[in-house]
Amino acid sequence: MSFDTMNLAPTILKAVNLCGYTSPTPIQEQAIPQAIAGKDLIASAQTGTGKTAAFVLPALQRLTVPSTAKGKGPRILVLTPTRELANQITEAVRTYGKFMRLRTGAILGGMPYFEQQRLLSQPVDIIVATPGRLIDHLESGRISMARVELLVLDEADRMLDMGFSEAVSTIAAATPEGRQTLLFTATWDGAMEKLAKRLMKDAVRIAVAGKKATLELIEQRLHTADDMQHKNRLLNHLIADSGMTRAIIFSSTKRNADQLARELASRGHSAEALHGDMTQGARNRTIMNMRRGKIRLLVATDVAARGLDVTGITHVINYDLPKNAEDYVHRIGRTGRAGASGIAISFVSFRELDELRRIERYIGQSLPQLVIAGLEPARPMQQGSGSRTGYNGRSTGGRGTAASAGRRPFSKAPSYRSDARPSTGRKPYSDSRSDARLSTDRKPYSDYRSDARPSTGRKPYSESSFAGKRDAKKSGWAGDARKTEAFRKARWS
Ligand code: AMP
């Protein structure tokens with residue numbers, strides 16, 4: 001199929017051609033015709049599959065016909081979990097709508113209310129919003145939903161995980177009954193089923209190959225680190241590689257991301273931090289500088305980097321392993337984009353063995369362990385094929401293969417499923433479609449972790465500065481003054 005046969009307006013086709021897209025991606029091929037036909041859609045697709053255009057192009061097509069509804073407010077409303085994703089969608093709307101006269105805007109937390117109020121006081125074509133700020137405007141009567149024809153829920157599972165279920169439902173309930181709804185999600189469970197049932201009618205379901213193809217292009221490596229100083233020495237060694245032209249280094253806390261970026265900058269590297277405590281303007285500037293190649297090393301936290309679309313990332317380094325196995329796949333997916341290959345390097349310390357076990361179980365494979373001469377760990381880690389992961393013969397209770405965890409091994413799963421989210425116990429999309437027992441299908445927490453973090457291990461919207469500080473106090477690293485001090489004093493060579 002080609003874009004030309006999709007009944008898209010010439011203005012839209014012209015913009016798509018200008019992007020250099022020769023053919024639609026699988027999600028676009030399936031979603032665009034259905035969406036243009038006015039169907040409600042549930043689409044299983046990850047970032048990197050071209051899903052943004054899969055909903056933006058039909059949205060623009062809809063706008064080629066003038067609205068009959070009078071009044072203010074948007075015709076198309078896109079809800080998305082994070083500000084970064086919202087900015088990327090807004091950018092995509094500008095790109096694909098380049099030859100159309102559009103009035104669009106974003107309603108995001110962390111931005112001044114004044115401009116948003118001005119935007120909402122007039123008829124608007126497309127609004128891209130994060131649910132938290134939009135609900136503020138809705139509750140204070142500043143936004144009218146009466147003209148909404150199309151509601152898009154992007155990364156709906158993430159919005160639910162971030163606690164936006166009620167906000168999303170309230171917002172949807174405020175839009176006209178006859179609207180069209182497109183829901184994009186990477187995973188499917190009981191909560192999602194309920195949301196979809198509430199919001200959609202006879203939805204067409206689409207599942208496409210997602211990350212597997214991308215992940216296959218990523219070389220994954222693991223380095224055992226004794227402690228933070230050892231991690232720093234490893235990092236120092238790795239970043240000396242001239243083949244590392246653009247890298248993202250993931251840190252578990254905002255404070256450590258800042259600290260690490262400062263340390264790297266003071267050592268002469270073009271390095272900057274990206275995390276949720278930065279103002280939106282600063283975050284945008286940093287991402288832009290990364291895109292322009294002005295930053296070589298970006299030290300980021302998870303939420304800030306989610307959905308980050310920067311091409312040419314040669315390496316992803318997990319300085320700290322993510323608490324969530326799913327975030328591991330999201331992180332390493334920042335490299336190996338658009339058919340390019342990439343390298344993902346993870347450091348694991350003794351205290352991160354649980355995280356490693358979850359990640360390996362999730363992706364259904366052991367990460368190959370590498371040792372750099374002169375930087376060997378004092379306590380090498382045993383990594384058995386399916387039996388144990390532990391330090392130096394010390395049993396950590398059985399790593400468990402993908403099969404023993406009730407998951408299909410990575411290689412046997414349908415390709416999009418390789419990026420599903422066992423850590424939350426969510427079922428991959430296709431497993432769940434005809435299964436009414438979804439909500440009870442969550443794996444008990446103890447299957448996945450032996451420590452005491454709550455349910456999914458996800459922080460509830462922790463990138464908001466307030467929650468972040470609260471969480472930081474609880475979490476081992478940032479809350480412990482001694483460790484923070486140790487970080488500060490960490491030796492680099
Ligand atoms: P997304 O999954 O929406 O984040 O898109 C990932 C990347 O794919 C973006 O950089 C898009 O510009 C690019 N992209 C989207 N559609 C196509 C296409 N049909 N052909 C080539 N690249 C595309």
# chains A, B, ... in the order shown; residues from 1 in each chain; ligands from 1

call {"tool": "residues_around", "arguments": {"residues": "A:Pro24", "least_positions_apart": "5", "cutoff": "10 Å", "atoms": "only C-alpha atoms", "output": "list in words"}}
result
Met1, Ser2, Phe3, Asp4, Met6, Val16, Glu29, Gln30, Ile32, Gly50, Ala53 and Ala54 of chain A

call {"tool": "residues_around", "arguments": {"residues": "stretch 257-268 of chain A", "least_positions_apart": "4", "cutoff": "8 Å", "atoms": "only C-alpha atoms", "output": "PyMOL selection string"}}
result
chain A and resi 250-253+272-275+298-301+488

call {"tool": "write_last_selection", "arguments": {"atoms": "N, CA and C atoms", "output": "mmCIF file, in the first residue's frame"}}
result
data_model
loop_
_atom_site.group_PDB
_atom_site.id
_atom_site.type_symbol
_atom_site.label_atom_id
_atom_site.label_comp_id
_atom_site.auth_asym_id
_atom_site.auth_seq_id
_atom_site.Cartn_x
_atom_site.Cartn_y
_atom_site.Cartn_z
ATOM 1 N N PHE A 250 21.169 6.757 31.366
ATOM 2 C CA PHE A 250 19.992 6.791 32.226
ATOM 3 C C PHE A 250 20.391 6.661 33.692
ATOM 4 N N SER A 251 19.866 7.583 34.452
ATOM 5 C CA SER A 251 20.112 7.577 35.886
ATOM 6 C C SER A 251 18.768 7.416 36.599
ATOM 7 N N SER A 252 18.789 6.834 37.780
ATOM 8 C CA SER A 252 17.510 6.539 38.434
ATOM 9 C C SER A 252 16.883 7.757 39.101
ATOM 10 N N THR A 253 17.669 8.744 39.452
ATOM 11 C CA THR A 253 17.073 9.908 40.122
ATOM 12 C C THR A 253 17.490 11.206 39.433
ATOM 13 N N GLU A 272 24.618 17.095 29.224
ATOM 14 C CA GLU A 272 23.567 17.828 29.931
ATOM 15 C C GLU A 272 22.575 16.858 30.529
ATOM 16 N N ALA A 273 21.827 17.342 31.511
ATOM 17 C CA ALA A 273 20.816 16.497 32.158
ATOM 18 C C ALA A 273 19.446 16.751 31.540
ATOM 19 N N LEU A 274 18.574 15.761 31.660
ATOM 20 C CA LEU A 274 17.179 15.924 31.239
ATOM 21 C C LEU A 274 16.304 15.201 32.258
ATOM 22 N N HIS A 275 15.539 15.970 33.005
ATOM 23 C CA HIS A 275 14.660 15.331 33.988
ATOM 24 C C HIS A 275 13.473 16.229 34.297
ATOM 25 N N LEU A 298 23.659 12.766 27.023
ATOM 26 C CA LEU A 298 22.470 13.257 27.713
ATOM 27 C C LEU A 298 22.230 12.350 28.915
ATOM 28 N N VAL A 299 22.218 12.942 30.106
ATOM 29 C CA VAL A 299 21.985 12.134 31.306
ATOM 30 C C VAL A 299 20.522 12.321 31.700
ATOM 31 N N ALA A 300 19.740 11.261 31.582
ATOM 32 C CA ALA A 300 18.290 11.440 31.678
ATOM 33 C C ALA A 300 17.651 10.491 32.681
ATOM 34 N N THR A 301 16.490 10.903 33.157
ATOM 35 C CA THR A 301 15.644 9.994 33.941
ATOM 36 C C THR A 301 14.578 9.423 32.996
ATOM 37 N N ARG A 488 28.886 12.499 45.301
ATOM 38 C CA ARG A 488 29.579 13.747 45.023
ATOM 39 C C ARG A 488 31.090 13.541 44.985
#

call {"tool": "closest_atom_pairs", "arguments": {"of": "chain A", "to": "ligand 1", "cutoff": "6 Å", "atoms": "only C-alpha atoms and all ligand atoms", "output": "Markdown table"}}
result
| residue | atom | partner | partner_atom_place_in_ligand_line | distance |
| --- | --- | --- | --- | --- |
| A:Tyr21 | CA | ligand 1 | 20 (N) | 4.1 |
| A:Ser23 | CA | ligand 1 | 19 (N) | 5.2 |
| A:Pro24 | CA | ligand 1 | 19 (N) | 3.9 |
| A:Thr25 | CA | ligand 1 | 19 (N) | 4.8 |
| A:Thr47 | CA | ligand 1 | 2 (O) | 3.9 |
| A:Gly48 | CA | ligand 1 | 2 (O) | 3.3 |
| A:Thr49 | CA | ligand 1 | 2 (O) | 4.0 |
| A:Gly50 | CA | ligand 1 | 2 (O) | 3.4 |
| A:Lys51 | CA | ligand 1 | 3 (O) | 4.2 |
| A:Thr52 | CA | ligand 1 | 3 (O) | 3.6 |
| A:Ala53 | CA | ligand 1 | 3 (O) | 5.8 |

call {"tool": "write_last_selection", "arguments": {"atoms": "C-alpha atoms", "output": "compact mmCIF listing (two decimals), in the first residue's frame"}}
result
# COMPACT_ATOMS: atom_id res chain seq x y z
CA TYR A 21 8.28 8.66 3.64
CA SER A 23 5.44 3.93 2.18
CA PRO A 24 3.27 3.72 5.27
CA THR A 25 4.50 1.73 8.26
CA THR A 47 6.76 4.50 19.97
CA GLY A 48 9.00 4.09 16.97
CA THR A 49 6.41 2.33 14.80
CA GLY A 50 5.12 5.52 13.20
CA LYS A 51 2.01 5.57 15.40
CA THR A 52 1.94 9.36 15.65
CA ALA A 53 1.30 9.76 11.94

call {"tool": "residues_around", "arguments": {"residues": "A:Arg233", "least_positions_apart": "3", "cutoff": "12 Å", "atoms": "only C-alpha atoms", "output": "list in words"}}
result
His223, Thr224, Ala225, Asp226, Asp227, Met228, Gln229, His230, Asn236, His237, Leu238, Ile239, Ala240, Leu264, Tyr319, Phe347, Ile372, Ala373, Gly374, Leu375, Glu376, Pro377, Ala490, Arg491, Trp492 and Ser493 of chain A

call {"tool": "select_by_dssp", "arguments": {"residues": "stretch 242-363 of chain A", "states": "helix (DSSP H, G or I)", "output": "JSON, numbers by chain"}}
result
{"A": [254, 255, 256, 257, 258, 259, 260, 261, 262, 263, 264, 265, 266, 280, 281, 282, 283, 284, 285, 286, 287, 288, 289, 290, 291, 302, 303, 304, 305, 325, 326, 327, 328, 329, 330, 331, 332, 337, 338, 339, 350, 351, 352, 353, 354, 355, 356, 357, 358, 359, 360, 361, 362, 363]}

call {"tool": "write_last_selection", "arguments": {"atoms": "C-alpha atoms", "output": "mmCIF file, in the first residue's frame"}}
result
data_model
loop_
_atom_site.group_PDB
_atom_site.id
_atom_site.type_symbol
_atom_site.label_atom_id
_atom_site.label_comp_id
_atom_site.auth_asym_id
_atom_site.auth_seq_id
_atom_site.Cartn_x
_atom_site.Cartn_y
_atom_site.Cartn_z
ATOM 1 C CA LYS A 254 16.909 13.509 39.020
ATOM 2 C CA ARG A 255 19.553 14.543 41.505
ATOM 3 C CA ASN A 256 21.993 11.937 40.295
ATOM 4 C CA ALA A 257 21.247 12.839 36.669
ATOM 5 C CA ASP A 258 22.173 16.454 37.431
ATOM 6 C CA GLN A 259 25.242 15.444 39.365
ATOM 7 C CA LEU A 260 26.463 13.049 36.707
ATOM 8 C CA ALA A 261 25.893 15.586 33.911
ATOM 9 C CA ARG A 262 27.858 18.182 35.884
ATOM 10 C CA GLU A 263 30.700 15.738 36.520
ATOM 11 C CA LEU A 264 30.860 14.807 32.848
ATOM 12 C CA ALA A 265 30.756 18.453 31.752
ATOM 13 C CA SER A 266 33.500 19.317 34.195
ATOM 14 C CA GLN A 280 9.596 22.785 30.086
ATOM 15 C CA GLY A 281 11.615 25.428 28.243
ATOM 16 C CA ALA A 282 14.876 23.992 29.548
ATOM 17 C CA ARG A 283 13.789 20.460 28.629
ATOM 18 C CA ASN A 284 12.868 21.545 25.112
ATOM 19 C CA ARG A 285 16.184 23.370 24.683
ATOM 20 C CA THR A 286 18.115 20.317 25.835
ATOM 21 C CA ILE A 287 16.252 17.987 23.453
ATOM 22 C CA MET A 288 16.776 20.455 20.608
ATOM 23 C CA ASN A 289 20.505 20.655 21.393
ATOM 24 C CA MET A 290 20.668 16.870 21.406
ATOM 25 C CA ARG A 291 18.932 16.752 18.026
ATOM 26 C CA ASP A 302 12.945 7.685 32.585
ATOM 27 C CA VAL A 303 9.868 9.849 32.300
ATOM 28 C CA ALA A 304 11.759 12.732 30.747
ATOM 29 C CA ALA A 305 13.179 10.444 28.106
ATOM 30 C CA ALA A 325 11.567 -4.049 33.132
ATOM 31 C CA GLU A 326 9.360 -2.322 30.595
ATOM 32 C CA ASP A 327 11.364 0.871 30.982
ATOM 33 C CA TYR A 328 14.472 -1.075 30.021
ATOM 34 C CA VAL A 329 12.985 -1.757 26.600
ATOM 35 C CA HIS A 330 11.841 1.844 26.271
ATOM 36 C CA ARG A 331 15.290 3.088 27.235
ATOM 37 C CA ILE A 332 17.271 0.941 24.856
ATOM 38 C CA ARG A 337 15.801 3.799 15.670
ATOM 39 C CA ALA A 338 14.731 4.068 12.055
ATOM 40 C CA GLY A 339 16.634 0.969 10.987
ATOM 41 C CA PHE A 350 24.822 -6.186 43.607
ATOM 42 C CA ARG A 351 21.830 -4.196 44.817
ATOM 43 C CA GLU A 352 20.289 -4.214 41.321
ATOM 44 C CA LEU A 353 20.131 -7.979 40.856
ATOM 45 C CA ASP A 354 16.357 -8.048 41.289
ATOM 46 C CA GLU A 355 15.977 -5.473 38.537
ATOM 47 C CA LEU A 356 18.287 -7.462 36.291
ATOM 48 C CA ARG A 357 16.316 -10.627 36.926
ATOM 49 C CA ARG A 358 13.077 -8.875 36.015
ATOM 50 C CA ILE A 359 14.548 -7.406 32.840
ATOM 51 C CA GLU A 360 15.961 -10.729 31.682
ATOM 52 C CA ARG A 361 12.697 -12.465 32.399
ATOM 53 C CA TYR A 362 10.828 -9.749 30.577
ATOM 54 C CA ILE A 363 12.886 -9.832 27.413
#

call {"tool": "residues_around", "arguments": {"residues": "stretch 178-182 of chain A", "least_positions_apart": "4", "cutoff": "8 Å", "atoms": "only C-alpha atoms", "output": "PyMOL selection string"}}
result
chain A and resi 35+38-43+55+148-153+199-200

call {"tool": "atom_distance", "arguments": {"atom1": "atom CA of A:Gln122", "atom2": "atom CA of A:Gly73"}}
result
6.1 Å

call {"tool": "closest_residue", "arguments": {"among": "A:Gly276, A:Pro81, A:Gly109, A:Gly141", "to": "A:Phe184", "atoms": "only C-alpha atoms"}}
result
A:Pro81

call {"tool": "residues_around", "arguments": {"residues": "A:Ser242", "least_positions_apart": "3", "cutoff": "12 Å", "atoms": "only C-alpha atoms", "output": "ChimeraX atom specification"}}
result
/A:237-239,245-247,269,296,314-315

call {"tool": "select_by_dssp", "arguments": {"residues": "stretch 246-359 of chain A", "states": "strand (DSSP E)", "output": "PyMOL selection string"}}
result
chain A and resi 247-250+271-274+297-300+315-318+342-348

call {"tool": "residues_around", "arguments": {"residues": "A:Gly105", "least_positions_apart": "5", "cutoff": "9 Å", "atoms": "only C-alpha atoms", "output": "JSON, numbers by chain"}}
result
{"A": [90, 116, 119, 124, 125, 126, 127, 128, 129]}

call {"tool": "residues_around", "arguments": {"residues": "A:Thr335", "least_positions_apart": "4", "cutoff": "8 Å", "atoms": "only C-alpha atoms", "output": "VMD selection string"}}
result
chain A and resid 218 311 to 316 340 to 344

call {"tool": "closest_residue", "arguments": {"among": "A:Ala146, A:Leu195, A:Leu370, A:Ala156", "to": "A:Glu177", "atoms": "only C-alpha atoms"}}
result
A:Ala146

call {"tool": "atom_distance", "arguments": {"atom1": "atom CA of A:Ile317", "atom2": "atom CA of A:Met162"}}
result
24.9 Å

call {"tool": "closest_residue", "arguments": {"among": "A:Ile143, A:Ser346, A:Asn7, A:Thr22", "to": "A:Leu234", "atoms": "only C-alpha atoms"}}
result
A:Ser346

call {"tool": "atom_distance", "arguments": {"atom1": "atom CA of A:Thr170", "atom2": "atom CA of A:Met278"}}
result
28.9 Å

call {"tool": "closest_residue", "arguments": {"among": "A:Arg118, A:Gly333, A:Val78, A:Leu108", "to": "A:Leu217", "atoms": "only C-alpha atoms"}}
result
A:Gly333
